[in-house]
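Scroll down for the structure; my scribbles are underneath it.
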Amino acid sequence: MELRLYDTLSREKRTFVPLDANNVRMYVCGPTVYDFAHIGNARPVIVFDVLFRLLRHLYGEAHVKYVRNITDVDDKINDRAARDFPGLPLNEAIRKVTEQTGKQFHADVDALGCLRPTVEPRATEHIGEMREIIERLVAGGFAYVAEDHVLFSPQAMNAANSVLPRYGALSNRSLDEMIAGARVDVAPYKKDSTDFVLWKPSKPGEPSWPSPAGIKAEGRPGWHIECSAMAWKHLGEHFDIHGGGIDLVFPHHENEVAQTCCAFHRERMANTWMHNGFLQVEGEKMSKSLGNFITIHELLADWPGEVLRLNMLKTQYRSPIDWTVKSLEESAKTLDDWYRVAADVAATEPAASVIEPLLDDLNTPQVIAALHGLRGDAAALSGSLRLLGFLTESAAQWEGRKQQVSGVDATEVERLIAERTAARSRKDFRESDRIRDLLAAMGVAIKDSKEGTTWEIAR
Ligand code: AMP
Ligand code: ZN
């Protein structure tokens with residue numbers, strides 16, 4: 001069985017052949033840490049976690065290296081820091097913002113059942129690598145210095161007669177059309193409208209580092225160079241898979257390819273480019289102004305993380321996904337059932353019926369259909385669900401968590417049940433019925449048996 005993945009660059013599904021099966025390497029663009037991550041941000045995290053797990057299954061845990069960066073230098077971070085900590089020096093305020101937001105991001109994606117990547121590099125710890133790539137680009141004639149900025153020239157790249165890919169190939173755009181369609185108000189230091197920033201001067205008080213290319217003033221990196229530098233440091237000049245959301249194809253990934261290939265005289269940066277489709281909420285684009293902007297953190301207050309995870313995987317990763325409460329309710333029911341059937345069962349190897357659609361460009365809707373088909377084989381269902389990052393709890397923990405999540409205070413329920421048991425033993429049935437009705441009103445169903453009284457959330 002071979003793994004087939006859709007590659008954005010060649011625009012086709014291709015058989016995946018790693019450069020080195022002992023060291024399969026994947027880079028995914030991570031969050032800019034300035035605020036709570038929203039449920040759209042969770043999509044690439046979950047999708048590439050499933051791919052990471054599949055690669056580990058195929059090549060062995062020790063032979064897969066997954067790098068997902070943290071962008072901790074950005075205007076949005078600076079703005080948030082100045083707003084939230086007006087009394088602190090900006091650099092200290094920035095550290096507070098990135099630390100808090102980074103922790104929150106980890107808490108969120110851990111709860112979604114995602115493994116931590118092998119390495120999570122921070123942009124601010126790779127300024128040296130960024131400077132080095134920039135020096136190479138300037139020396140190679142692909143970049144130039146103007147007014148303390150360093151700019152990359154896509155036109156110089158496409159004029160070079162060499163192994164380099166064509167600028168625009170990844171996003172399927174022509175440079176001529178980009179030039180023709182350029183805005184008129186191009187920054188004065190750019191020679192051409194399509195040139196993009198590798199390095200720029202810092203304003204007073206902003207984070208700054210010694211500049212490359214002989215620039216005296218201190219400065220800071222542009223966004224695209226960060227990922228070229230971190231991928232290079234941790235995965236090398238050429239690696240297997242690069243991923244992110246579809247919005248990153250242009251300009252971010254197009255520019256990453258340009259920087260890396262020109263700096264190292266390479267034909268390719270990654271062999272496979274993978275992009276997840278966008279998530280919208282109840283049929284509308286998610287945005288703060290529409291009031292339908294939901295954070296992972298908020299959703300986790302209402303739903304177990306595994307419900308969010310399953311709900312995300314119901315749609316194949318390249319299709320747009322419509323995030324609805326109705327679909328979440330169905331996902332919750334499905335997981336309740338799987339937990340009852342498979343959570344406390346010794347797992348066998350994942351079923352072939354589950355692996356096969358996974359190998360077909362992560363066809364997770366088909367995977368879920370196969371899981372439903374495994375209901376009669378609890379051991380294989382258990383093994384398959386575990387491979388996919390589900391069943392991280394026992395059936396009892398799952399029930400307990402559902403009770404917490406649905407807002408019922410378990411201690412209070414237990415206290416009322418004890419009171420009712422006492423009422424029953426003194427034959428005060430009016431009181432015991434009153435308590436039962438009270439529990440029902442709280443959404444709690446009780447069941448009496450010889451062993452005592454058990455309870456669950458009434459659905
Ligand atoms: P950002 O912090 O905006 O750079 O986004 C981090 C990651 O989330 C990137 O891979 C984006 O492509 C992805 N992303 C952002 N919004 C959405 C969305 N609504 N649906 C799917 N992916 C998204
Ligand atoms: Zn990136």
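Residues in the structure tokens are named by chain (A, B, ... in the order shown) and by number from 1 within that chain; ligands are numbered from 1 in the order shown.
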Could you give me, as a PDB file with C-alpha atoms, in the first residue's frame, the residues within 10 Å of Tyr189 (chain A), counting only C-alpha atoms and dropping anything in the same chain fewer than 2 positions from it?
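Final output, saved to selection-v5.pdb:
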```pdb
ATOM      1  CA  VAL A 145      19.541  46.857   0.011  1.00  0.00           C
ATOM      2  CA  ALA A 146      17.487  50.062  -0.120  1.00  0.00           C
ATOM      3  CA  GLU A 147      16.853  52.560   2.697  1.00  0.00           C
ATOM      4  CA  ASP A 148      17.905  50.040   5.385  1.00  0.00           C
ATOM      5  CA  HIS A 149      15.560  47.407   3.943  1.00  0.00           C
ATOM      6  CA  VAL A 150      16.593  44.244   2.156  1.00  0.00           C
ATOM      7  CA  LEU A 151      14.272  43.327  -0.698  1.00  0.00           C
ATOM      8  CA  VAL A 186       4.306  50.867  -4.104  1.00  0.00           C
ATOM      9  CA  ALA A 187       6.769  51.606  -1.279  1.00  0.00           C
ATOM     10  CA  LYS A 191      12.736  48.808  -7.433  1.00  0.00           C
ATOM     11  CA  ASP A 192       9.807  46.775  -8.683  1.00  0.00           C
ATOM     12  CA  SER A 193       6.266  46.418  -7.404  1.00  0.00           C
ATOM     13  CA  ASP A 195       9.749  42.900  -4.684  1.00  0.00           C
TER      14      ASP A 195
END
```
Neighbourhood of ligand 2 at 10 Å, counting only C-alpha atoms and all ligand atoms, reported as a list of chain:residue names:
A:Tyr27, A:Val28, A:Cys29, A:Gly30, A:Pro31, A:Thr32, A:Arg68, A:Asn69, A:Ile70, A:Thr71, A:Trp223, A:His224, A:Ile225, A:Glu226, A:Cys227, A:Ser228, A:Ala229, A:Met230, A:Ala231, A:His242, A:Gly243, A:Gly244, A:Gly245, A:Leu248, A:Val249, A:His252, A:His253, A:Asn255, A:Glu256
Since we have the selection now, will you write its residues out, keeping C-alpha atoms, as an mmCIF file, in the first residue's frame?
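Output (part-v9.cif):
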```cif
data_model
loop_
_atom_site.group_PDB
_atom_site.id
_atom_site.type_symbol
_atom_site.label_atom_id
_atom_site.label_comp_id
_atom_site.auth_asym_id
_atom_site.auth_seq_id
_atom_site.Cartn_x
_atom_site.Cartn_y
_atom_site.Cartn_z
ATOM 1 C CA TYR A 27 7.283 21.546 8.074
ATOM 2 C CA VAL A 28 3.963 23.254 8.860
ATOM 3 C CA CYS A 29 3.497 26.993 9.356
ATOM 4 C CA GLY A 30 2.417 27.561 12.941
ATOM 5 C CA PRO A 31 0.594 30.341 14.754
ATOM 6 C CA THR A 32 1.483 33.972 15.217
ATOM 7 C CA ARG A 68 5.890 23.584 13.377
ATOM 8 C CA ASN A 69 7.115 27.082 14.083
ATOM 9 C CA ILE A 70 5.924 29.797 16.429
ATOM 10 C CA THR A 71 5.976 33.284 14.933
ATOM 11 C CA TRP A 223 7.551 37.173 7.832
ATOM 12 C CA HIS A 224 8.456 34.906 4.897
ATOM 13 C CA ILE A 225 12.162 34.645 5.711
ATOM 14 C CA GLU A 226 11.347 33.240 9.164
ATOM 15 C CA CYS A 227 9.986 29.984 7.778
ATOM 16 C CA SER A 228 12.816 29.562 5.255
ATOM 17 C CA ALA A 229 15.290 29.931 8.123
ATOM 18 C CA MET A 230 13.559 27.601 10.572
ATOM 19 C CA ALA A 231 12.877 24.908 7.954
ATOM 20 C CA HIS A 242 5.499 21.574 3.606
ATOM 21 C CA GLY A 243 2.000 22.375 4.812
ATOM 22 C CA GLY A 244 -0.355 25.139 5.891
ATOM 23 C CA GLY A 245 -3.736 26.667 5.105
ATOM 24 C CA LEU A 248 -0.660 30.777 2.706
ATOM 25 C CA VAL A 249 0.066 29.617 -0.875
ATOM 26 C CA HIS A 252 3.885 33.301 1.965
ATOM 27 C CA HIS A 253 4.810 29.932 0.486
ATOM 28 C CA ASN A 255 8.143 33.589 -1.235
ATOM 29 C CA GLU A 256 9.516 30.847 1.009
#
```
Given 10 Å and only C-alpha atoms and all ligand atoms, residues near ligand 1 as a PDB file with N, CA and C atoms, in the first residue's frame:
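Everything below was put into pocket.pdb:
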```pdb
ATOM      1  N   VAL A  28       5.289  22.634   8.955  1.00  0.00           N
ATOM      2  CA  VAL A  28       3.963  23.254   8.860  1.00  0.00           C
ATOM      3  C   VAL A  28       4.033  24.636   9.499  1.00  0.00           C
ATOM      4  N   CYS A  29       3.481  25.631   8.810  1.00  0.00           N
ATOM      5  CA  CYS A  29       3.497  26.993   9.356  1.00  0.00           C
ATOM      6  C   CYS A  29       2.593  27.058  10.580  1.00  0.00           C
ATOM      7  N   GLY A  30       3.147  27.528  11.671  1.00  0.00           N
ATOM      8  CA  GLY A  30       2.417  27.561  12.941  1.00  0.00           C
ATOM      9  C   GLY A  30       1.813  28.935  13.207  1.00  0.00           C
ATOM     10  N   PRO A  31       1.346  29.126  14.427  1.00  0.00           N
ATOM     11  CA  PRO A  31       0.594  30.341  14.754  1.00  0.00           C
ATOM     12  C   PRO A  31       1.487  31.560  14.982  1.00  0.00           C
ATOM     13  N   THR A  32       0.896  32.726  14.753  1.00  0.00           N
ATOM     14  CA  THR A  32       1.483  33.972  15.217  1.00  0.00           C
ATOM     15  C   THR A  32       0.855  34.212  16.581  1.00  0.00           C
ATOM     16  N   VAL A  33       1.697  34.266  17.617  1.00  0.00           N
ATOM     17  CA  VAL A  33       1.133  34.217  18.971  1.00  0.00           C
ATOM     18  C   VAL A  33       0.821  35.610  19.518  1.00  0.00           C
ATOM     19  N   TYR A  34      -0.427  36.065  19.241  1.00  0.00           N
ATOM     20  CA  TYR A  34      -0.828  37.363  19.783  1.00  0.00           C
ATOM     21  C   TYR A  34      -2.225  37.327  20.368  1.00  0.00           C
ATOM     22  N   ASP A  35      -2.964  36.220  20.164  1.00  0.00           N
ATOM     23  CA  ASP A  35      -4.335  36.141  20.660  1.00  0.00           C
ATOM     24  C   ASP A  35      -4.758  34.676  20.703  1.00  0.00           C
ATOM     25  N   PHE A  36      -5.912  34.394  21.287  1.00  0.00           N
ATOM     26  CA  PHE A  36      -6.445  33.033  21.274  1.00  0.00           C
ATOM     27  C   PHE A  36      -6.559  32.540  19.834  1.00  0.00           C
ATOM     28  N   ALA A  37      -6.215  31.270  19.599  1.00  0.00           N
ATOM     29  CA  ALA A  37      -6.370  30.694  18.264  1.00  0.00           C
ATOM     30  C   ALA A  37      -7.845  30.403  18.014  1.00  0.00           C
ATOM     31  N   HIS A  38      -8.313  30.635  16.778  1.00  0.00           N
ATOM     32  CA  HIS A  38      -9.717  30.346  16.467  1.00  0.00           C
ATOM     33  C   HIS A  38      -9.837  28.948  15.864  1.00  0.00           C
ATOM     34  N   ILE A  39     -11.064  28.517  15.670  1.00  0.00           N
ATOM     35  CA  ILE A  39     -11.285  27.130  15.254  1.00  0.00           C
ATOM     36  C   ILE A  39     -10.760  26.890  13.828  1.00  0.00           C
ATOM     37  N   GLY A  40     -10.675  27.951  13.019  1.00  0.00           N
ATOM     38  CA  GLY A  40     -10.051  27.806  11.692  1.00  0.00           C
ATOM     39  C   GLY A  40      -8.572  27.463  11.825  1.00  0.00           C
ATOM     40  N   ASN A  41      -7.889  28.088  12.783  1.00  0.00           N
ATOM     41  CA  ASN A  41      -6.466  27.786  13.029  1.00  0.00           C
ATOM     42  C   ASN A  41      -6.275  26.331  13.465  1.00  0.00           C
ATOM     43  N   ALA A  42      -7.318  25.749  14.066  1.00  0.00           N
ATOM     44  CA  ALA A  42      -7.195  24.360  14.535  1.00  0.00           C
ATOM     45  C   ALA A  42      -7.168  23.386  13.364  1.00  0.00           C
ATOM     46  N   ARG A  43      -7.663  23.830  12.203  1.00  0.00           N
ATOM     47  CA  ARG A  43      -7.767  22.870  11.093  1.00  0.00           C
ATOM     48  C   ARG A  43      -6.400  22.353  10.640  1.00  0.00           C
ATOM     49  N   PRO A  44      -5.444  23.242  10.277  1.00  0.00           N
ATOM     50  CA  PRO A  44      -4.144  22.695   9.880  1.00  0.00           C
ATOM     51  C   PRO A  44      -3.486  21.898  11.009  1.00  0.00           C
ATOM     52  N   VAL A  45      -3.696  22.315  12.248  1.00  0.00           N
ATOM     53  CA  VAL A  45      -3.050  21.611  13.370  1.00  0.00           C
ATOM     54  C   VAL A  45      -3.564  20.166  13.436  1.00  0.00           C
ATOM     55  N   ILE A  70       6.706  28.784  15.710  1.00  0.00           N
ATOM     56  CA  ILE A  70       5.924  29.797  16.429  1.00  0.00           C
ATOM     57  C   ILE A  70       6.443  31.155  15.980  1.00  0.00           C
ATOM     58  N   THR A  71       5.576  31.947  15.367  1.00  0.00           N
ATOM     59  CA  THR A  71       5.976  33.284  14.933  1.00  0.00           C
ATOM     60  C   THR A  71       5.802  34.234  16.111  1.00  0.00           C
ATOM     61  N   GLY A 243       3.448  22.206   4.735  1.00  0.00           N
ATOM     62  CA  GLY A 243       2.000  22.375   4.812  1.00  0.00           C
ATOM     63  C   GLY A 243       1.566  23.685   5.433  1.00  0.00           C
ATOM     64  N   GLY A 244       0.264  23.951   5.303  1.00  0.00           N
ATOM     65  CA  GLY A 244      -0.355  25.139   5.891  1.00  0.00           C
ATOM     66  C   GLY A 244      -1.736  25.319   5.277  1.00  0.00           C
ATOM     67  N   GLY A 245      -2.416  26.378   5.670  1.00  0.00           N
ATOM     68  CA  GLY A 245      -3.736  26.667   5.105  1.00  0.00           C
ATOM     69  C   GLY A 245      -3.607  27.215   3.687  1.00  0.00           C
ATOM     70  N   ILE A 246      -4.679  27.105   2.924  1.00  0.00           N
ATOM     71  CA  ILE A 246      -4.687  27.488   1.506  1.00  0.00           C
ATOM     72  C   ILE A 246      -4.366  28.984   1.318  1.00  0.00           C
ATOM     73  N   ASP A 247      -4.689  29.787   2.323  1.00  0.00           N
ATOM     74  CA  ASP A 247      -4.403  31.229   2.228  1.00  0.00           C
ATOM     75  C   ASP A 247      -2.898  31.511   2.238  1.00  0.00           C
ATOM     76  N   LEU A 248      -2.107  30.536   2.620  1.00  0.00           N
ATOM     77  CA  LEU A 248      -0.660  30.777   2.706  1.00  0.00           C
ATOM     78  C   LEU A 248       0.074  30.517   1.386  1.00  0.00           C
ATOM     79  N   VAL A 249      -0.614  29.952   0.387  1.00  0.00           N
ATOM     80  CA  VAL A 249       0.066  29.617  -0.875  1.00  0.00           C
ATOM     81  C   VAL A 249       0.718  30.868  -1.465  1.00  0.00           C
ATOM     82  N   HIS A 252       2.927  33.838   0.985  1.00  0.00           N
ATOM     83  CA  HIS A 252       3.885  33.301   1.965  1.00  0.00           C
ATOM     84  C   HIS A 252       4.711  32.126   1.418  1.00  0.00           C
ATOM     85  N   HIS A 275      -2.030  21.892   1.326  1.00  0.00           N
ATOM     86  CA  HIS A 275      -2.780  23.033   1.862  1.00  0.00           C
ATOM     87  C   HIS A 275      -4.199  22.637   2.237  1.00  0.00           C
ATOM     88  N   ASN A 276      -4.578  22.973   3.459  1.00  0.00           N
ATOM     89  CA  ASN A 276      -5.946  22.677   3.891  1.00  0.00           C
ATOM     90  C   ASN A 276      -6.904  23.780   3.449  1.00  0.00           C
ATOM     91  N   GLY A 277      -8.134  23.371   3.160  1.00  0.00           N
ATOM     92  CA  GLY A 277      -9.174  24.326   2.784  1.00  0.00           C
ATOM     93  C   GLY A 277      -9.620  25.145   3.982  1.00  0.00           C
ATOM     94  N   PHE A 278     -10.447  26.152   3.729  1.00  0.00           N
ATOM     95  CA  PHE A 278     -10.858  27.058   4.792  1.00  0.00           C
ATOM     96  C   PHE A 278     -12.086  26.553   5.542  1.00  0.00           C
ATOM     97  N   LEU A 279     -12.186  27.012   6.773  1.00  0.00           N
ATOM     98  CA  LEU A 279     -13.324  26.673   7.620  1.00  0.00           C
ATOM     99  C   LEU A 279     -14.221  27.900   7.721  1.00  0.00           C
ATOM    100  N   GLN A 280     -15.527  27.689   7.531  1.00  0.00           N
ATOM    101  CA  GLN A 280     -16.478  28.767   7.789  1.00  0.00           C
ATOM    102  C   GLN A 280     -17.470  28.304   8.837  1.00  0.00           C
ATOM    103  N   VAL A 281     -18.197  29.248   9.429  1.00  0.00           N
ATOM    104  CA  VAL A 281     -19.067  28.920  10.561  1.00  0.00           C
ATOM    105  C   VAL A 281     -20.527  29.137  10.184  1.00  0.00           C
ATOM    106  N   LYS A 285     -18.362  33.226   6.409  1.00  0.00           N
ATOM    107  CA  LYS A 285     -16.949  33.428   6.677  1.00  0.00           C
ATOM    108  C   LYS A 285     -16.812  33.867   8.148  1.00  0.00           C
ATOM    109  N   MET A 286     -15.848  33.295   8.839  1.00  0.00           N
ATOM    110  CA  MET A 286     -15.677  33.670  10.240  1.00  0.00           C
ATOM    111  C   MET A 286     -14.998  35.036  10.328  1.00  0.00           C
ATOM    112  N   SER A 287     -15.606  35.945  11.057  1.00  0.00           N
ATOM    113  CA  SER A 287     -14.945  37.243  11.217  1.00  0.00           C
ATOM    114  C   SER A 287     -15.436  37.907  12.491  1.00  0.00           C
ATOM    115  N   PHE A 293     -16.923  34.646  15.285  1.00  0.00           N
ATOM    116  CA  PHE A 293     -15.518  34.311  15.440  1.00  0.00           C
ATOM    117  C   PHE A 293     -15.391  33.462  16.710  1.00  0.00           C
ATOM    118  N   TYR A 317      -9.536  17.170   4.003  1.00  0.00           N
ATOM    119  CA  TYR A 317      -8.849  18.404   4.390  1.00  0.00           C
ATOM    120  C   TYR A 317      -8.798  19.478   3.311  1.00  0.00           C
ATOM    121  N   ARG A 318      -8.905  19.075   2.017  1.00  0.00           N
ATOM    122  CA  ARG A 318      -8.782  20.115   0.978  1.00  0.00           C
ATOM    123  C   ARG A 318     -10.113  20.827   0.700  1.00  0.00           C
ATOM    124  N   PRO A 320     -13.588  22.931   1.589  1.00  0.00           N
ATOM    125  CA  PRO A 320     -14.013  23.873   2.632  1.00  0.00           C
ATOM    126  C   PRO A 320     -14.853  23.122   3.656  1.00  0.00           C
ATOM    127  N   ILE A 321     -14.886  23.610   4.881  1.00  0.00           N
ATOM    128  CA  ILE A 321     -15.679  22.941   5.913  1.00  0.00           C
ATOM    129  C   ILE A 321     -16.643  23.943   6.511  1.00  0.00           C
ATOM    130  N   ASP A 322     -17.873  23.512   6.687  1.00  0.00           N
ATOM    131  CA  ASP A 322     -18.868  24.370   7.326  1.00  0.00           C
ATOM    132  C   ASP A 322     -19.052  23.874   8.753  1.00  0.00           C
TER     133      ASP A 322
END
```
Got a sec to tell me which of region 119-342 of chain A DSSP assigns to strand (DSSP E), as a PyMOL selection string?
chain A and resi 143-146+149-152+196-201+219-221+239-245+270-276+279-281+321-323
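If you look at CA of Ala369 (chain A) and CA of Ser331 (chain A), they are 12.7 Å away from each other.
For Ala160 (chain A), the list of residues within 12 Å, based on only C-alpha atoms and with local chain neighbours fewer than 4 positions off taken out, reads Gly140, Gly141, Phe142, Ser153, Pro154, Gln155, Ala156, Leu164, Pro165, Arg166, Tyr167, Cys261, Cys262 and His265 of chain A.
Contact shell of region 424-426 of chain A at 12 Å (only C-alpha atoms; same-chain neighbours under 6 positions omitted): Ile417, Ala418, Ser432, Asp433, Arg434, Ile435, Arg436, Asp448, Gly452 and Thr453 of chain A.
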Based on the selection just made, write N, CA and C atoms of those residues as a PDB file, in the first residue's frame.
```
ATOM      1  N   ILE A 417     -27.840  12.651  45.268  1.00  0.00           N
ATOM      2  CA  ILE A 417     -28.129  11.215  45.189  1.00  0.00           C
ATOM      3  C   ILE A 417     -28.013  10.578  46.572  1.00  0.00           C
ATOM      4  N   ALA A 418     -27.006  11.000  47.338  1.00  0.00           N
ATOM      5  CA  ALA A 418     -26.845  10.465  48.700  1.00  0.00           C
ATOM      6  C   ALA A 418     -28.046  10.852  49.557  1.00  0.00           C
ATOM      7  N   SER A 432     -37.736  11.599  48.117  1.00  0.00           N
ATOM      8  CA  SER A 432     -36.860  10.962  47.119  1.00  0.00           C
ATOM      9  C   SER A 432     -37.331  11.305  45.702  1.00  0.00           C
ATOM     10  N   ASP A 433     -38.650  11.376  45.498  1.00  0.00           N
ATOM     11  CA  ASP A 433     -39.164  11.780  44.177  1.00  0.00           C
ATOM     12  C   ASP A 433     -38.825  13.236  43.863  1.00  0.00           C
ATOM     13  N   ARG A 434     -38.906  14.061  44.907  1.00  0.00           N
ATOM     14  CA  ARG A 434     -38.584  15.482  44.721  1.00  0.00           C
ATOM     15  C   ARG A 434     -37.129  15.615  44.219  1.00  0.00           C
ATOM     16  N   ILE A 435     -36.240  14.873  44.853  1.00  0.00           N
ATOM     17  CA  ILE A 435     -34.827  14.967  44.465  1.00  0.00           C
ATOM     18  C   ILE A 435     -34.620  14.416  43.051  1.00  0.00           C
ATOM     19  N   ARG A 436     -35.333  13.316  42.732  1.00  0.00           N
ATOM     20  CA  ARG A 436     -35.195  12.767  41.375  1.00  0.00           C
ATOM     21  C   ARG A 436     -35.635  13.803  40.334  1.00  0.00           C
ATOM     22  N   ASP A 448     -31.576   3.199  39.340  1.00  0.00           N
ATOM     23  CA  ASP A 448     -31.372   2.442  40.574  1.00  0.00           C
ATOM     24  C   ASP A 448     -31.165   0.970  40.239  1.00  0.00           C
ATOM     25  N   GLY A 452     -26.676   0.028  43.644  1.00  0.00           N
ATOM     26  CA  GLY A 452     -26.792   1.418  44.067  1.00  0.00           C
ATOM     27  C   GLY A 452     -27.337   2.268  42.926  1.00  0.00           C
ATOM     28  N   THR A 453     -27.181   3.577  43.061  1.00  0.00           N
ATOM     29  CA  THR A 453     -27.743   4.484  42.058  1.00  0.00           C
ATOM     30  C   THR A 453     -26.633   5.020  41.175  1.00  0.00           C
TER      31      THR A 453
END
```
Set the distance at 12 Å and use only C-alpha atoms: which residues neighbour Lys233 (chain A) once local chain neighbours fewer than 4 positions away are removed? I'd like the list as a PyMOL selection string.
chain A and resi 27+67+69+119-123+125-130+132-133+226-229+237-239+260
Please produce a file of the residues just selected, as a PDB file, in the first residue's frame, where the atoms kept are N, CA and C atoms.
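In the end it all went to part-v9.pdb:
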```
ATOM      1  N   TYR A  27       7.353  20.208   7.463  1.00  0.00           N
ATOM      2  CA  TYR A  27       7.283  21.546   8.074  1.00  0.00           C
ATOM      3  C   TYR A  27       5.867  22.096   7.887  1.00  0.00           C
ATOM      4  N   VAL A  67       8.216  19.639  12.160  1.00  0.00           N
ATOM      5  CA  VAL A  67       8.569  20.962  12.673  1.00  0.00           C
ATOM      6  C   VAL A  67       7.393  21.914  12.445  1.00  0.00           C
ATOM      7  N   ASN A  69       6.492  25.911  13.466  1.00  0.00           N
ATOM      8  CA  ASN A  69       7.115  27.082  14.083  1.00  0.00           C
ATOM      9  C   ASN A  69       6.135  27.893  14.925  1.00  0.00           C
ATOM     10  N   VAL A 119       9.871  19.417  16.830  1.00  0.00           N
ATOM     11  CA  VAL A 119      10.536  20.677  17.181  1.00  0.00           C
ATOM     12  C   VAL A 119       9.526  21.811  16.975  1.00  0.00           C
ATOM     13  N   GLU A 120       9.514  22.758  17.894  1.00  0.00           N
ATOM     14  CA  GLU A 120       8.679  23.950  17.744  1.00  0.00           C
ATOM     15  C   GLU A 120       9.563  25.184  17.825  1.00  0.00           C
ATOM     16  N   PRO A 121      10.225  25.521  16.732  1.00  0.00           N
ATOM     17  CA  PRO A 121      11.167  26.634  16.782  1.00  0.00           C
ATOM     18  C   PRO A 121      10.458  27.993  16.862  1.00  0.00           C
ATOM     19  N   ARG A 122      11.098  28.917  17.540  1.00  0.00           N
ATOM     20  CA  ARG A 122      10.581  30.287  17.617  1.00  0.00           C
ATOM     21  C   ARG A 122      11.393  31.179  16.684  1.00  0.00           C
ATOM     22  N   ALA A 123      10.714  32.049  15.989  1.00  0.00           N
ATOM     23  CA  ALA A 123      11.381  32.921  15.022  1.00  0.00           C
ATOM     24  C   ALA A 123      12.527  33.701  15.673  1.00  0.00           C
ATOM     25  N   GLU A 125      14.494  33.002  17.848  1.00  0.00           N
ATOM     26  CA  GLU A 125      15.703  32.217  18.139  1.00  0.00           C
ATOM     27  C   GLU A 125      16.441  31.812  16.870  1.00  0.00           C
ATOM     28  N   HIS A 126      16.011  32.317  15.719  1.00  0.00           N
ATOM     29  CA  HIS A 126      16.635  31.929  14.443  1.00  0.00           C
ATOM     30  C   HIS A 126      17.019  33.134  13.593  1.00  0.00           C
ATOM     31  N   ILE A 127      17.282  34.242  14.267  1.00  0.00           N
ATOM     32  CA  ILE A 127      17.631  35.454  13.517  1.00  0.00           C
ATOM     33  C   ILE A 127      18.957  35.244  12.785  1.00  0.00           C
ATOM     34  N   GLY A 128      19.888  34.499  13.388  1.00  0.00           N
ATOM     35  CA  GLY A 128      21.188  34.228  12.753  1.00  0.00           C
ATOM     36  C   GLY A 128      21.023  33.527  11.409  1.00  0.00           C
ATOM     37  N   GLU A 129      20.162  32.503  11.378  1.00  0.00           N
ATOM     38  CA  GLU A 129      19.914  31.774  10.128  1.00  0.00           C
ATOM     39  C   GLU A 129      19.257  32.691   9.092  1.00  0.00           C
ATOM     40  N   MET A 130      18.367  33.559   9.557  1.00  0.00           N
ATOM     41  CA  MET A 130      17.698  34.486   8.625  1.00  0.00           C
ATOM     42  C   MET A 130      18.728  35.408   7.994  1.00  0.00           C
ATOM     43  N   GLU A 132      21.831  34.849   7.601  1.00  0.00           N
ATOM     44  CA  GLU A 132      22.697  34.118   6.686  1.00  0.00           C
ATOM     45  C   GLU A 132      22.035  33.900   5.315  1.00  0.00           C
ATOM     46  N   ILE A 133      20.765  33.549   5.316  1.00  0.00           N
ATOM     47  CA  ILE A 133      20.061  33.364   4.035  1.00  0.00           C
ATOM     48  C   ILE A 133      20.016  34.695   3.281  1.00  0.00           C
ATOM     49  N   GLU A 226      11.333  34.020   7.917  1.00  0.00           N
ATOM     50  CA  GLU A 226      11.347  33.240   9.164  1.00  0.00           C
ATOM     51  C   GLU A 226      11.214  31.752   8.872  1.00  0.00           C
ATOM     52  N   CYS A 227      10.252  31.412   8.011  1.00  0.00           N
ATOM     53  CA  CYS A 227       9.986  29.984   7.778  1.00  0.00           C
ATOM     54  C   CYS A 227      11.110  29.353   6.957  1.00  0.00           C
ATOM     55  N   SER A 228      11.672  30.112   6.001  1.00  0.00           N
ATOM     56  CA  SER A 228      12.816  29.562   5.255  1.00  0.00           C
ATOM     57  C   SER A 228      13.955  29.229   6.220  1.00  0.00           C
ATOM     58  N   ALA A 229      14.178  30.119   7.192  1.00  0.00           N
ATOM     59  CA  ALA A 229      15.290  29.931   8.123  1.00  0.00           C
ATOM     60  C   ALA A 229      15.040  28.756   9.071  1.00  0.00           C
ATOM     61  N   GLU A 237      18.067  21.907   3.486  1.00  0.00           N
ATOM     62  CA  GLU A 237      17.757  22.741   2.324  1.00  0.00           C
ATOM     63  C   GLU A 237      16.579  22.186   1.520  1.00  0.00           C
ATOM     64  N   HIS A 238      16.350  20.889   1.621  1.00  0.00           N
ATOM     65  CA  HIS A 238      15.341  20.221   0.797  1.00  0.00           C
ATOM     66  C   HIS A 238      14.711  19.137   1.667  1.00  0.00           C
ATOM     67  N   PHE A 239      13.399  19.136   1.782  1.00  0.00           N
ATOM     68  CA  PHE A 239      12.755  18.149   2.665  1.00  0.00           C
ATOM     69  C   PHE A 239      11.474  17.640   2.013  1.00  0.00           C
ATOM     70  N   THR A 260      14.426  30.113  -0.327  1.00  0.00           N
ATOM     71  CA  THR A 260      15.215  28.912  -0.060  1.00  0.00           C
ATOM     72  C   THR A 260      15.905  28.423  -1.329  1.00  0.00           C
TER      73      THR A 260
END
```
Residue contacts of Pro212 (chain A) (7 Å, only C-alpha atoms) excluding same-chain residues fewer than 4 positions away, as a list in words:
Arg131, Ile134 and Glu135 of chain A
A:His234, A:Met312, A:Arg53, A:Glu419: which is nearest Ser384 (chain A), counting only C-alpha atoms?
A:Arg53
From the DSSP assignment of the backbone, select every residue of region 268-399 of chain A that is alpha helix (DSSP H), and format the answer as a PyMOL selection string.
chain A and resi 296-302+305-313+325-342+352-359+364-373+378-387+395-399
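Counting only C-alpha atoms and comparing A:Asn271, A:Ser289, A:Gln100, A:Ser327, the residue that lies closest to Pro18 (chain A) is A:Asn271.
Across the structure, CA of Phe48 (chain A) and CA of Phe264 (chain A) are spaced 26.7 Å apart.
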Skip region 339-354 of chain A itself and residues of its chain fewer than 4 positions away, then list as a ChimeraX atom specification all residues within 6 Å of it, counting only C-alpha atoms.
/A:335,367,370,378-380,382-384,391,394-395
